[in-house]
$ cat structure.tsv   # TSV, C-alpha atoms
chain	number	residue	atom	x	y	z
A	51	MET	CA	-73.38	0.69	55.45
A	52	ASN	CA	-74.39	-1.44	58.42
A	53	ARG	CA	-71.83	-2.78	60.82
A	54	ASP	CA	-72.41	-6.13	62.51
A	55	VAL	CA	-70.86	-6.17	65.95
A	56	LEU	CA	-69.97	-9.09	68.19
A	57	TYR	CA	-69.49	-8.06	71.80
A	58	GLU	CA	-68.57	-11.42	73.31
A	59	PRO	CA	-65.14	-13.07	72.80
A	60	TYR	CA	-66.82	-15.72	70.66
A	61	SER	CA	-70.31	-16.90	69.77
A	62	ILE	CA	-72.05	-19.85	68.13
A	63	HIS	CA	-74.90	-19.35	65.71
A	64	PHE	CA	-76.73	-21.79	63.43
A	65	GLU	CA	-79.73	-21.55	61.16
A	66	THR	CA	-81.39	-23.07	58.10
A	67	LEU	CA	-81.92	-20.67	55.19
A	68	GLU	CA	-83.47	-20.73	51.74
A	69	THR	CA	-82.11	-17.29	50.91
A	70	PHE	CA	-79.12	-15.61	52.52
A	71	PRO	CA	-79.59	-12.06	53.85
A	72	ASP	CA	-78.62	-9.76	50.99
A	73	LYS	CA	-77.09	-6.75	52.68
A	74	GLU	CA	-73.81	-4.89	52.58
A	75	SER	CA	-72.27	-4.80	56.03
A	76	ARG	CA	-68.94	-4.61	57.81
A	77	LYS	CA	-68.13	-6.85	60.74
A	78	ASN	CA	-65.83	-6.60	63.70
A	79	PHE	CA	-65.41	-10.36	63.94
A	80	PHE	CA	-63.93	-13.40	62.22
A	81	GLU	CA	-66.08	-16.35	61.21
A	82	LEU	CA	-65.65	-20.04	60.62
A	83	VAL	CA	-68.68	-21.11	58.56
A	84	PHE	CA	-69.52	-24.81	58.26
A	85	ILE	CA	-72.10	-26.21	55.83
A	86	LEU	CA	-74.14	-28.95	57.53
A	87	SER	CA	-76.37	-29.51	54.50
A	88	GLY	CA	-77.39	-27.80	51.29
A	89	THR	CA	-75.78	-26.51	48.10
A	90	GLY	CA	-75.04	-23.17	46.54
A	91	GLN	CA	-72.31	-20.68	45.75
A	92	HIS	CA	-70.01	-18.85	48.14
A	93	CYS	CA	-68.68	-15.56	46.77
A	94	ILE	CA	-65.72	-14.03	48.58
A	95	ASN	CA	-63.87	-10.96	47.34
A	96	LYS	CA	-65.55	-11.30	43.92
A	97	HIS	CA	-64.57	-14.96	43.46
A	98	SER	CA	-67.05	-17.81	43.77
A	99	PHE	CA	-66.98	-21.46	44.84
A	100	SER	CA	-69.70	-24.14	44.77
A	101	TYR	CA	-70.39	-25.33	48.31
A	102	SER	CA	-72.03	-28.47	49.65
A	103	ASP	CA	-72.13	-30.60	52.83
A	104	ASN	CA	-69.07	-30.49	55.12
A	105	HIS	CA	-67.42	-27.47	53.50
A	106	MET	CA	-65.90	-24.89	55.86
A	107	PHE	CA	-64.96	-21.28	55.10
A	108	LEU	CA	-62.94	-18.62	56.92
A	109	LEU	CA	-64.13	-15.01	56.75
A	110	THR	CA	-62.32	-11.97	58.13
A	111	PRO	CA	-63.65	-8.44	58.79
A	112	GLN	CA	-61.98	-7.29	55.57
A	113	ASP	CA	-63.59	-9.94	53.35
A	114	CYS	CA	-66.53	-9.18	51.09
A	115	SER	CA	-68.61	-12.35	51.36
A	116	GLN	CA	-72.01	-13.57	50.18
A	117	PHE	CA	-73.74	-16.97	49.99
A	118	TRP	CA	-76.07	-17.73	47.08
A	119	ILE	CA	-78.28	-20.65	48.07
A	120	ASP	CA	-79.43	-23.25	45.49
A	121	THR	CA	-80.97	-25.75	47.91
A	122	LYS	CA	-82.02	-25.07	51.50
A	123	THR	CA	-78.83	-24.78	53.53
A	124	ARG	CA	-78.10	-25.41	57.19
A	125	PHE	CA	-75.29	-23.09	58.33
A	126	PHE	CA	-73.11	-23.16	61.44
A	127	PHE	CA	-71.18	-20.01	62.39
A	128	LEU	CA	-68.38	-19.80	64.94
A	129	ARG	CA	-67.55	-16.12	65.41
A	130	PHE	CA	-64.53	-14.58	67.16
A	131	SER	CA	-64.61	-10.91	68.05
A	132	ASN	CA	-60.85	-10.70	68.28
A	133	ILE	CA	-58.02	-13.16	67.63
A	134	TYR	CA	-56.45	-11.94	70.86
A	135	LEU	CA	-59.23	-13.30	73.01
A	136	LYS	CA	-59.49	-12.26	76.64
A	137	SER	CA	-61.53	-15.34	77.53
A	138	ASP	CA	-59.74	-17.92	79.67
A	139	LYS	CA	-61.77	-20.62	77.91
A	140	ILE	CA	-59.43	-20.52	74.90
A	141	SER	CA	-55.90	-21.66	75.65
A	142	LYS	CA	-52.97	-19.34	74.94
A	143	GLU	CA	-51.57	-21.88	72.48
A	144	ASN	CA	-54.85	-21.96	70.58
A	145	ILE	CA	-55.02	-18.18	70.47
A	146	LYS	CA	-51.69	-18.41	68.64
A	147	ARG	CA	-53.18	-21.09	66.38
A	148	LEU	CA	-56.10	-18.78	65.61
A	149	GLU	CA	-53.61	-16.10	64.70
A	150	PHE	CA	-51.72	-18.59	62.51
A	151	ILE	CA	-54.97	-19.54	60.73
A	152	LEU	CA	-55.83	-15.93	60.01
A	153	GLU	CA	-52.32	-15.04	58.87
A	154	ASN	CA	-52.00	-17.94	56.48
A	155	ALA	CA	-55.43	-18.66	55.03
A	156	ASN	CA	-55.52	-17.11	51.57
A	157	HIS	CA	-59.07	-15.71	51.94
A	158	LYS	CA	-60.06	-16.94	48.50
A	159	PRO	CA	-63.09	-19.13	47.74
A	160	GLY	CA	-62.86	-22.78	48.65
A	161	CYS	CA	-63.14	-25.10	51.60
A	162	ILE	CA	-60.30	-24.65	54.11
A	163	LEU	CA	-60.54	-28.32	55.11
A	164	LYS	CA	-58.11	-29.86	52.63
A	165	ASN	CA	-57.70	-33.12	54.52
A	166	GLN	CA	-60.71	-35.24	53.61
A	167	THR	CA	-60.63	-37.28	56.83
A	168	ASP	CA	-60.83	-34.05	58.84
A	169	LYS	CA	-64.15	-33.20	57.23
A	170	THR	CA	-65.65	-36.27	58.88
A	171	LEU	CA	-63.95	-35.29	62.14
A	172	VAL	CA	-65.18	-31.69	62.10
A	173	ARG	CA	-68.84	-32.52	61.52
A	174	PRO	CA	-69.48	-34.34	64.83
A	175	ILE	CA	-67.65	-31.53	66.67
A	176	VAL	CA	-69.93	-28.95	65.05
A	177	GLU	CA	-73.00	-31.05	65.85
A	178	ALA	CA	-71.85	-31.40	69.46
A	179	LEU	CA	-71.39	-27.60	69.70
A	180	ILE	CA	-74.95	-27.14	68.46
A	181	ARG	CA	-76.31	-29.61	71.03
A	182	GLU	CA	-74.45	-27.86	73.85
A	183	ALA	CA	-75.77	-24.47	72.70
A	184	VAL	CA	-79.35	-25.78	72.59
A	185	ASN	CA	-79.42	-27.91	75.75
A	186	LYS	CA	-77.14	-25.82	77.98
A	187	ASP	CA	-76.70	-28.84	80.21
A	188	LEU	CA	-74.38	-29.09	83.20
A	189	TYR	CA	-70.82	-27.89	82.37
A	190	HIS	CA	-71.91	-26.90	78.86
A	191	SER	CA	-69.64	-23.84	78.90
A	192	ASP	CA	-66.54	-25.91	79.68
A	193	ILE	CA	-67.45	-28.58	77.13
A	194	THR	CA	-68.09	-25.92	74.48
A	195	ALA	CA	-64.66	-24.40	75.12
A	196	GLN	CA	-62.99	-27.81	74.77
A	197	LEU	CA	-64.80	-28.48	71.50
A	198	ILE	CA	-63.83	-25.06	70.12
A	199	ASN	CA	-60.21	-25.66	71.10
A	200	THR	CA	-60.26	-28.97	69.22
A	201	LEU	CA	-61.84	-27.36	66.16
A	202	ILE	CA	-59.16	-24.66	66.11
A	203	VAL	CA	-56.39	-27.28	66.15
A	204	ILE	CA	-57.96	-29.20	63.27
A	205	VAL	CA	-58.37	-26.08	61.12
A	206	ALA	CA	-54.81	-24.99	61.91
A	207	ARG	CA	-53.52	-28.41	60.86
A	208	ASN	CA	-55.32	-28.21	57.53
A	209	ILE	CA	-53.90	-24.79	56.76
A	210	ALA	CA	-50.40	-25.72	57.96
A	211	LYS	CA	-50.24	-28.69	55.61
A	212	TYR	CA	-50.67	-26.53	52.53
A	213	LEU	CA	-48.48	-23.51	53.18
A	214	PRO	CA	-46.84	-21.45	51.87
A	215	GLN	CA	-48.42	-21.41	48.40
A	216	LYS	CA	-45.50	-23.28	46.82
A	217	ILE	CA	-45.75	-25.98	49.48
A	218	ASP	CA	-48.31	-28.69	48.86
A	219	GLU	CA	-48.98	-32.29	49.74
A	220	THR	CA	-46.28	-33.47	47.32
A	221	SER	CA	-43.55	-31.39	48.97
A	222	GLU	CA	-40.79	-33.00	51.00
A	223	SER	CA	-41.77	-33.63	54.60
A	224	ARG	CA	-38.62	-31.86	55.84
A	225	ILE	CA	-39.56	-28.44	54.43
A	226	ILE	CA	-43.03	-28.78	55.94
A	227	SER	CA	-41.44	-29.73	59.26
A	228	ILE	CA	-39.15	-26.69	59.09
A	229	LEU	CA	-42.07	-24.37	58.38
A	230	ASN	CA	-44.09	-25.87	61.20
A	231	TYR	CA	-41.10	-25.47	63.52
A	232	ILE	CA	-40.73	-21.79	62.59
A	233	GLN	CA	-44.45	-21.14	63.04
A	234	ALA	CA	-44.39	-22.81	66.45
A	235	ASN	CA	-41.33	-20.84	67.63
A	236	ILE	CA	-41.73	-17.47	65.92
A	237	TYR	CA	-42.20	-15.82	69.33
A	238	GLU	CA	-38.78	-17.02	70.53
A	239	PRO	CA	-35.99	-15.40	68.46
A	240	GLU	CA	-33.24	-17.68	69.75
A	241	LYS	CA	-35.09	-20.74	68.42
A	242	ILE	CA	-35.43	-19.44	64.88
A	243	ARG	CA	-31.82	-18.41	64.36
A	244	THR	CA	-30.20	-20.14	61.40
A	245	GLU	CA	-27.73	-22.07	63.55
A	246	THR	CA	-30.53	-23.31	65.82
A	247	ILE	CA	-32.67	-24.49	62.91
A	248	CYS	CA	-29.64	-26.23	61.37
A	249	LYS	CA	-28.97	-28.07	64.61
A	250	GLU	CA	-32.62	-29.03	64.94
A	251	PHE	CA	-32.82	-30.50	61.43
A	252	GLY	CA	-29.24	-31.62	60.80
A	253	PHE	CA	-28.37	-29.12	58.05
A	254	SER	CA	-25.22	-27.11	57.47
A	255	GLU	CA	-25.91	-23.37	57.41
A	256	ASN	CA	-24.94	-23.08	53.75
A	257	TYR	CA	-27.16	-26.00	52.70
A	258	LEU	CA	-30.18	-24.84	54.74
A	259	GLY	CA	-30.33	-21.57	52.82
A	260	LYS	CA	-30.24	-23.30	49.44
A	261	TYR	CA	-32.69	-26.00	50.51
A	262	PHE	CA	-35.19	-23.53	51.97
A	263	LYS	CA	-35.21	-21.29	48.91
A	264	LYS	CA	-35.52	-24.25	46.53
A	265	HIS	CA	-38.55	-25.67	48.31
A	266	SER	CA	-40.34	-22.50	49.47
A	267	GLY	CA	-39.48	-20.02	46.72
A	268	GLU	CA	-37.92	-17.45	49.08
A	269	THR	CA	-34.95	-17.13	51.37
A	270	LEU	CA	-35.19	-18.12	55.02
A	271	GLN	CA	-34.58	-14.55	56.17
A	272	SER	CA	-37.22	-13.21	53.80
A	273	TYR	CA	-39.73	-15.76	55.10
A	274	LEU	CA	-38.96	-14.87	58.74
A	275	ASN	CA	-39.18	-11.13	58.06
A	276	ASN	CA	-42.46	-11.47	56.18
A	277	TYR	CA	-43.90	-13.69	58.90
A	278	LYS	CA	-42.93	-11.27	61.69
A	279	THR	CA	-44.29	-8.34	59.69
A	280	THR	CA	-47.63	-10.09	59.30
A	281	LEU	CA	-47.73	-10.82	63.04
A	282	ILE	CA	-47.15	-7.13	63.74
A	283	GLU	CA	-49.80	-6.09	61.22
A	284	HIS	CA	-52.42	-8.34	62.79
A	285	ARG	CA	-51.72	-6.94	66.25
A	286	LEU	CA	-51.88	-3.37	64.98
A	287	LYS	CA	-55.21	-4.05	63.26
A	288	HIS	CA	-56.92	-6.42	65.67
A	289	SER	CA	-55.67	-5.59	69.15
A	290	ASN	CA	-55.26	-2.59	71.42
A	291	ASN	CA	-51.75	-3.65	72.41
A	292	ARG	CA	-49.23	-0.83	72.74
A	293	ILE	CA	-46.27	-0.86	70.35
A	294	SER	CA	-43.96	-1.62	73.28
A	295	GLU	CA	-46.11	-4.64	74.21
A	296	ILE	CA	-45.96	-5.95	70.64
A	297	ALA	CA	-42.20	-5.50	70.60
A	298	ASP	CA	-41.81	-7.41	73.86
A	299	GLU	CA	-44.06	-10.29	72.77
A	300	LEU	CA	-42.30	-10.76	69.43
A	301	GLY	CA	-38.79	-10.67	70.84
A	302	PHE	CA	-37.63	-7.23	69.68
A	303	THR	CA	-35.14	-5.54	71.97
A	304	ASP	CA	-37.40	-2.52	72.41
A	305	GLU	CA	-40.04	-0.38	70.69
A	306	SER	CA	-37.40	1.47	68.65
A	307	HIS	CA	-36.12	-1.84	67.25
A	308	LEU	CA	-39.63	-2.84	66.16
A	309	ASN	CA	-40.28	0.60	64.63
A	310	LYS	CA	-37.11	0.39	62.56
A	311	PHE	CA	-37.87	-3.18	61.42
A	312	PHE	CA	-41.47	-2.41	60.46
A	313	LYS	CA	-40.60	0.80	58.63
A	314	THR	CA	-38.01	-1.10	56.59
A	315	GLN	CA	-40.63	-3.72	55.69
A	316	ARG	CA	-43.65	-1.47	55.10
A	317	GLY	CA	-42.25	2.01	54.58
A	318	LYS	CA	-44.16	3.51	57.49
A	319	SER	CA	-44.17	3.38	61.27
A	320	PRO	CA	-46.42	0.96	63.18
A	321	LYS	CA	-48.34	3.92	64.59
A	322	ALA	CA	-49.00	5.34	61.11
A	323	TYR	CA	-50.04	1.89	59.86
A	324	ARG	CA	-52.55	1.49	62.71
A	325	LEU	CA	-54.00	4.97	62.17
A	326	GLU	CA	-54.44	4.32	58.44
A	327	PHE	CA	-56.23	1.06	59.18
A	328	ILE	CA	-58.58	2.69	61.70
A	329	LYS	CA	-59.44	5.49	59.25
A	330	SER	CA	-60.14	2.99	56.46
$ encode --input "structure.tsv" --output "structure tokens"
Amino acid sequence: MNRDVLYEPYSIHFETLETFPDKESRKNFFELVFILSGTGQHCINKHSFSYSDNHMFLLTPQDCSQFWIDTKTRFFFLRFSNIYLKSDKISKENIKRLEFILENANHKPGCILKNQTDKTLVRPIVEALIREAVNKDLYHSDITAQLINTLIVIVARNIAKYLPQKIDETSESRIISILNYIQANIYEPEKIRTETICKEFGFSENYLGKYFKKHSGETLQSYLNNYKTTLIEHRLKHSNNRISEIADELGFTDESHLNKFFKTQRGKSPKAYRLEFIKS
């Protein structure tokens, strides 16, 4: 099996194809794929979706993905070698947004741009990125970084508006606001305590628990635990951070506290989880 490797923090690639390369490969990077023109089928993890102009897809290293082209297709690829980018061109806040995108996208077939107006907003950004890549004019690197930052925010917004699975566009705005608040403050434990959330949104502690479960399908504590566990998993799989560094970043008192939490959630230590992932 081939392994495609991206050595830079991120890269831009675009091409027009009549047939998509038919090869089995593993990648060490994440991709945002935008369809500028053309039609066909996108198969991801054995499920397919008909694509056309202005559709965007998210692919992770674990996804099995293939494009079947019906009419000549112009592709744009934005590739990230690691969600914990070392490049100073991507803001720290947008690195967290990238992480949020990857944690919450369901990795099933379908365009990740659910907001129709954003499709018309994304296209000129993609076209501008292509122009900068071709022309390499003065300050093109800085402009490219700004455009990528904007694209990340737009994609994050589209995913945030439709999560979790039981939350959709018909859900009450307050539950969406609560989820967005948690996602924005998950790195600061004092801000996601029940009493803090109640004060922020004007709920009593008893009512918040009932309201959250009714509108999200799970308890607040379960949601927080699952979210933190996913954050830990992504760091174990996609970064070289030490366990102590992960514990410090996510607000655990120490490495032992994180180990105990993760073992309760996943039945194994973070170290064992990372080793299993590397071997697989």
$ atom_distance --input "structure.tsv" --atom1 "atom CA of A:His92" --atom2 "atom CA of A:Val184"
27.1 Å
$ closest_residue --input "structure.tsv" --among "A:Asn104, A:Asn165, A:Gln196, A:Gln116" --to "A:Gln91" --atoms "only C-alpha atoms"
A:Gln116
$ atom_distance --input "structure.tsv" --atom1 "atom CA of A:Ala206" --atom2 "atom CA of A:Ser102"
21.4 Å
$ closest_residue --input "structure.tsv" --among "A:Leu201, A:Leu229, A:Leu270, A:Cys93" --to "A:Leu179" --atoms "only C-alpha atoms"
A:Leu201
$ residues_around --input "structure.tsv" --residues "A:Lys287" --least-positions-apart "5" --cutoff "9 Å" --atoms "only C-alpha atoms" --output "JSON, numbers by chain"
{"A": [282, 323, 324, 327, 328]}
$ closest_atom_pairs --input "structure.tsv" --of "stretch 232-263 of chain A" --to "stretch 294-315 of chain A" --cutoff "12 Å" --atoms "only C-alpha atoms" --output "CSV"
residue,atom,partner,partner_atom,distance
A:Asn235,CA,A:Leu300,CA,10.3
A:Ile236,CA,A:Leu300,CA,7.6
A:Tyr237,CA,A:Leu300,CA,5.1
A:Glu238,CA,A:Gly301,CA,6.4
A:Pro239,CA,A:Gly301,CA,6.0
A:Glu240,CA,A:Gly301,CA,9.0
A:Lys241,CA,A:Gly301,CA,11.0
A:Ile242,CA,A:Gly301,CA,11.1
$ atom_distance --input "structure.tsv" --atom1 "atom CA of A:Tyr60" --atom2 "atom CA of A:Asn199"
11.9 Å
$ closest_residue --input "structure.tsv" --among "A:Ile193, A:Cys114, A:Ile247, A:Ile175" --to "A:Phe262" --atoms "only C-alpha atoms"
A:Ile247
$ closest_residue --input "structure.tsv" --among "A:Leu286, A:Ile204, A:Arg292, A:Arg173" --to "A:Glu326" --atoms "all atoms listed in the file"
A:Leu286
$ closest_residue --input "structure.tsv" --among "A:Phe99, A:Lys263, A:Gly88, A:Ser319" --to "A:Ile119" --atoms "only C-alpha atoms"
A:Gly88
$ closest_residue --input "structure.tsv" --among "A:Glu268, A:Asp103, A:Glu250, A:Glu182" --to "A:Cys161" --atoms "all atoms listed in the file"
A:Asp103
$ axis_aligned_box --input "structure.tsv" --around "stretch 95-104 of chain A" --padding-each-side "8 Å" --output "AutoDock Vina command-line options"
--center_x -68.0 --center_y -20.8 --center_z 49.3 --size_x 24.3 --size_y 35.6 --size_z 27.7
$ decode --input "structure.tsv" --residues "stretch 167-194 of chain A" --atoms "N, CA, C and O atoms" --output "PDB file, in the first residue's frame"
ATOM      1  N   THR A 167     -25.792  29.923   1.504  1.00  0.00           N
ATOM      2  CA  THR A 167     -25.124  31.196   1.206  1.00  0.00           C
ATOM      3  C   THR A 167     -23.610  31.070   1.366  1.00  0.00           C
ATOM      4  O   THR A 167     -22.849  31.795   0.706  1.00  0.00           O
ATOM      5  N   ASP A 168     -23.158  30.150   2.217  1.00  0.00           N
ATOM      6  CA  ASP A 168     -21.718  29.974   2.396  1.00  0.00           C
ATOM      7  C   ASP A 168     -21.062  29.332   1.183  1.00  0.00           C
ATOM      8  O   ASP A 168     -19.861  29.505   0.956  1.00  0.00           O
ATOM      9  N   LYS A 169     -21.831  28.574   0.420  1.00  0.00           N
ATOM     10  CA  LYS A 169     -21.266  27.995  -0.800  1.00  0.00           C
ATOM     11  C   LYS A 169     -20.826  29.099  -1.765  1.00  0.00           C
ATOM     12  O   LYS A 169     -19.769  28.999  -2.396  1.00  0.00           O
ATOM     13  N   THR A 170     -21.628  30.162  -1.847  1.00  0.00           N
ATOM     14  CA  THR A 170     -21.260  31.271  -2.727  1.00  0.00           C
ATOM     15  C   THR A 170     -20.140  32.105  -2.125  1.00  0.00           C
ATOM     16  O   THR A 170     -19.426  32.803  -2.851  1.00  0.00           O
ATOM     17  N   LEU A 171     -19.970  32.028  -0.805  1.00  0.00           N
ATOM     18  CA  LEU A 171     -18.882  32.739  -0.145  1.00  0.00           C
ATOM     19  C   LEU A 171     -17.571  31.977  -0.272  1.00  0.00           C
ATOM     20  O   LEU A 171     -16.505  32.578  -0.447  1.00  0.00           O
ATOM     21  N   VAL A 172     -17.631  30.653  -0.201  1.00  0.00           N
ATOM     22  CA  VAL A 172     -16.425  29.832  -0.260  1.00  0.00           C
ATOM     23  C   VAL A 172     -15.791  29.877  -1.649  1.00  0.00           C
ATOM     24  O   VAL A 172     -14.560  29.930  -1.782  1.00  0.00           O
ATOM     25  N   ARG A 173     -16.596  29.855  -2.678  1.00  0.00           N
ATOM     26  CA  ARG A 173     -16.042  29.772  -4.037  1.00  0.00           C
ATOM     27  C   ARG A 173     -15.048  30.891  -4.353  1.00  0.00           C
ATOM     28  O   ARG A 173     -13.940  30.607  -4.836  1.00  0.00           O
ATOM     29  N   PRO A 174     -15.393  32.172  -4.134  1.00  0.00           N
ATOM     30  CA  PRO A 174     -14.400  33.219  -4.443  1.00  0.00           C
ATOM     31  C   PRO A 174     -13.143  33.121  -3.581  1.00  0.00           C
ATOM     32  O   PRO A 174     -12.063  33.523  -4.026  1.00  0.00           O
ATOM     33  N   ILE A 175     -13.260  32.580  -2.347  1.00  0.00           N
ATOM     34  CA  ILE A 175     -12.070  32.384  -1.516  1.00  0.00           C
ATOM     35  C   ILE A 175     -11.168  31.326  -2.148  1.00  0.00           C
ATOM     36  O   ILE A 175      -9.945  31.501  -2.247  1.00  0.00           O
ATOM     37  N   VAL A 176     -11.772  30.228  -2.591  1.00  0.00           N
ATOM     38  CA  VAL A 176     -11.006  29.171  -3.253  1.00  0.00           C
ATOM     39  C   VAL A 176     -10.347  29.705  -4.518  1.00  0.00           C
ATOM     40  O   VAL A 176      -9.160  29.447  -4.790  1.00  0.00           O
ATOM     41  N   GLU A 177     -11.092  30.465  -5.305  1.00  0.00           N
ATOM     42  CA  GLU A 177     -10.536  31.016  -6.542  1.00  0.00           C
ATOM     43  C   GLU A 177      -9.394  31.983  -6.251  1.00  0.00           C
ATOM     44  O   GLU A 177      -8.394  32.026  -6.986  1.00  0.00           O
ATOM     45  N   ALA A 178      -9.525  32.753  -5.174  1.00  0.00           N
ATOM     46  CA  ALA A 178      -8.454  33.675  -4.787  1.00  0.00           C
ATOM     47  C   ALA A 178      -7.212  32.897  -4.346  1.00  0.00           C
ATOM     48  O   ALA A 178      -6.074  33.289  -4.648  1.00  0.00           O
ATOM     49  N   LEU A 179      -7.402  31.784  -3.616  1.00  0.00           N
ATOM     50  CA  LEU A 179      -6.275  30.946  -3.206  1.00  0.00           C
ATOM     51  C   LEU A 179      -5.540  30.386  -4.426  1.00  0.00           C
ATOM     52  O   LEU A 179      -4.294  30.314  -4.436  1.00  0.00           O
ATOM     53  N   ILE A 180      -6.286  29.997  -5.426  1.00  0.00           N
ATOM     54  CA  ILE A 180      -5.674  29.486  -6.658  1.00  0.00           C
ATOM     55  C   ILE A 180      -4.862  30.583  -7.354  1.00  0.00           C
ATOM     56  O   ILE A 180      -3.724  30.359  -7.787  1.00  0.00           O
ATOM     57  N   ARG A 181      -5.428  31.776  -7.445  1.00  0.00           N
ATOM     58  CA  ARG A 181      -4.702  32.892  -8.079  1.00  0.00           C
ATOM     59  C   ARG A 181      -3.400  33.194  -7.341  1.00  0.00           C
ATOM     60  O   ARG A 181      -2.358  33.419  -7.958  1.00  0.00           O
ATOM     61  N   GLU A 182      -3.473  33.215  -6.004  1.00  0.00           N
ATOM     62  CA  GLU A 182      -2.261  33.499  -5.221  1.00  0.00           C
ATOM     63  C   GLU A 182      -1.211  32.409  -5.442  1.00  0.00           C
ATOM     64  O   GLU A 182      -0.018  32.700  -5.523  1.00  0.00           O
ATOM     65  N   ALA A 183      -1.654  31.163  -5.524  1.00  0.00           N
ATOM     66  CA  ALA A 183      -0.721  30.050  -5.728  1.00  0.00           C
ATOM     67  C   ALA A 183      -0.066  30.114  -7.096  1.00  0.00           C
ATOM     68  O   ALA A 183       1.107  29.766  -7.258  1.00  0.00           O
ATOM     69  N   VAL A 184      -0.824  30.586  -8.107  1.00  0.00           N
ATOM     70  CA  VAL A 184      -0.293  30.664  -9.470  1.00  0.00           C
ATOM     71  C   VAL A 184       0.614  31.883  -9.642  1.00  0.00           C
ATOM     72  O   VAL A 184       1.737  31.789 -10.149  1.00  0.00           O
ATOM     73  N   ASN A 185       0.147  33.045  -9.196  1.00  0.00           N
ATOM     74  CA  ASN A 185       0.863  34.294  -9.452  1.00  0.00           C
ATOM     75  C   ASN A 185       2.029  34.542  -8.505  1.00  0.00           C
ATOM     76  O   ASN A 185       3.029  35.165  -8.884  1.00  0.00           O
ATOM     77  N   LYS A 186       1.878  34.090  -7.261  1.00  0.00           N
ATOM     78  CA  LYS A 186       2.915  34.312  -6.241  1.00  0.00           C
ATOM     79  C   LYS A 186       3.375  35.773  -6.218  1.00  0.00           C
ATOM     80  O   LYS A 186       4.578  36.079  -6.240  1.00  0.00           O
ATOM     81  N   ASP A 187       2.411  36.653  -6.203  1.00  0.00           N
ATOM     82  CA  ASP A 187       2.692  38.083  -6.207  1.00  0.00           C
ATOM     83  C   ASP A 187       3.169  38.537  -4.827  1.00  0.00           C
ATOM     84  O   ASP A 187       3.225  37.745  -3.882  1.00  0.00           O
ATOM     85  N   LEU A 188       3.475  39.808  -4.720  1.00  0.00           N
ATOM     86  CA  LEU A 188       3.955  40.374  -3.467  1.00  0.00           C
ATOM     87  C   LEU A 188       2.997  40.053  -2.318  1.00  0.00           C
ATOM     88  O   LEU A 188       1.778  40.190  -2.459  1.00  0.00           O
ATOM     89  N   TYR A 189       3.519  39.593  -1.188  1.00  0.00           N
ATOM     90  CA  TYR A 189       2.767  39.250   0.018  1.00  0.00           C
ATOM     91  C   TYR A 189       1.819  38.066  -0.194  1.00  0.00           C
ATOM     92  O   TYR A 189       0.875  37.876   0.583  1.00  0.00           O
ATOM     93  N   HIS A 190       2.055  37.256  -1.201  1.00  0.00           N
ATOM     94  CA  HIS A 190       1.110  36.159  -1.480  1.00  0.00           C
ATOM     95  C   HIS A 190       1.020  35.177  -0.312  1.00  0.00           C
ATOM     96  O   HIS A 190      -0.047  34.624  -0.041  1.00  0.00           O
ATOM     97  N   SER A 191       2.119  34.977   0.388  1.00  0.00           N
ATOM     98  CA  SER A 191       2.093  34.047   1.523  1.00  0.00           C
ATOM     99  C   SER A 191       1.171  34.546   2.627  1.00  0.00           C
ATOM    100  O   SER A 191       0.385  33.770   3.192  1.00  0.00           O
ATOM    101  N   ASP A 192       1.252  35.833   2.944  1.00  0.00           N
ATOM    102  CA  ASP A 192       0.399  36.406   3.983  1.00  0.00           C
ATOM    103  C   ASP A 192      -1.070  36.397   3.568  1.00  0.00           C
ATOM    104  O   ASP A 192      -1.959  36.108   4.373  1.00  0.00           O
ATOM    105  N   ILE A 193      -1.321  36.739   2.306  1.00  0.00           N
ATOM    106  CA  ILE A 193      -2.698  36.758   1.809  1.00  0.00           C
ATOM    107  C   ILE A 193      -3.276  35.345   1.809  1.00  0.00           C
ATOM    108  O   ILE A 193      -4.433  35.127   2.192  1.00  0.00           O
ATOM    109  N   THR A 194      -2.471  34.376   1.395  1.00  0.00           N
ATOM    110  CA  THR A 194      -2.918  32.982   1.401  1.00  0.00           C
ATOM    111  C   THR A 194      -3.317  32.543   2.808  1.00  0.00           C
ATOM    112  O   THR A 194      -4.356  31.905   3.011  1.00  0.00           O
TER     113      THR A 194
END
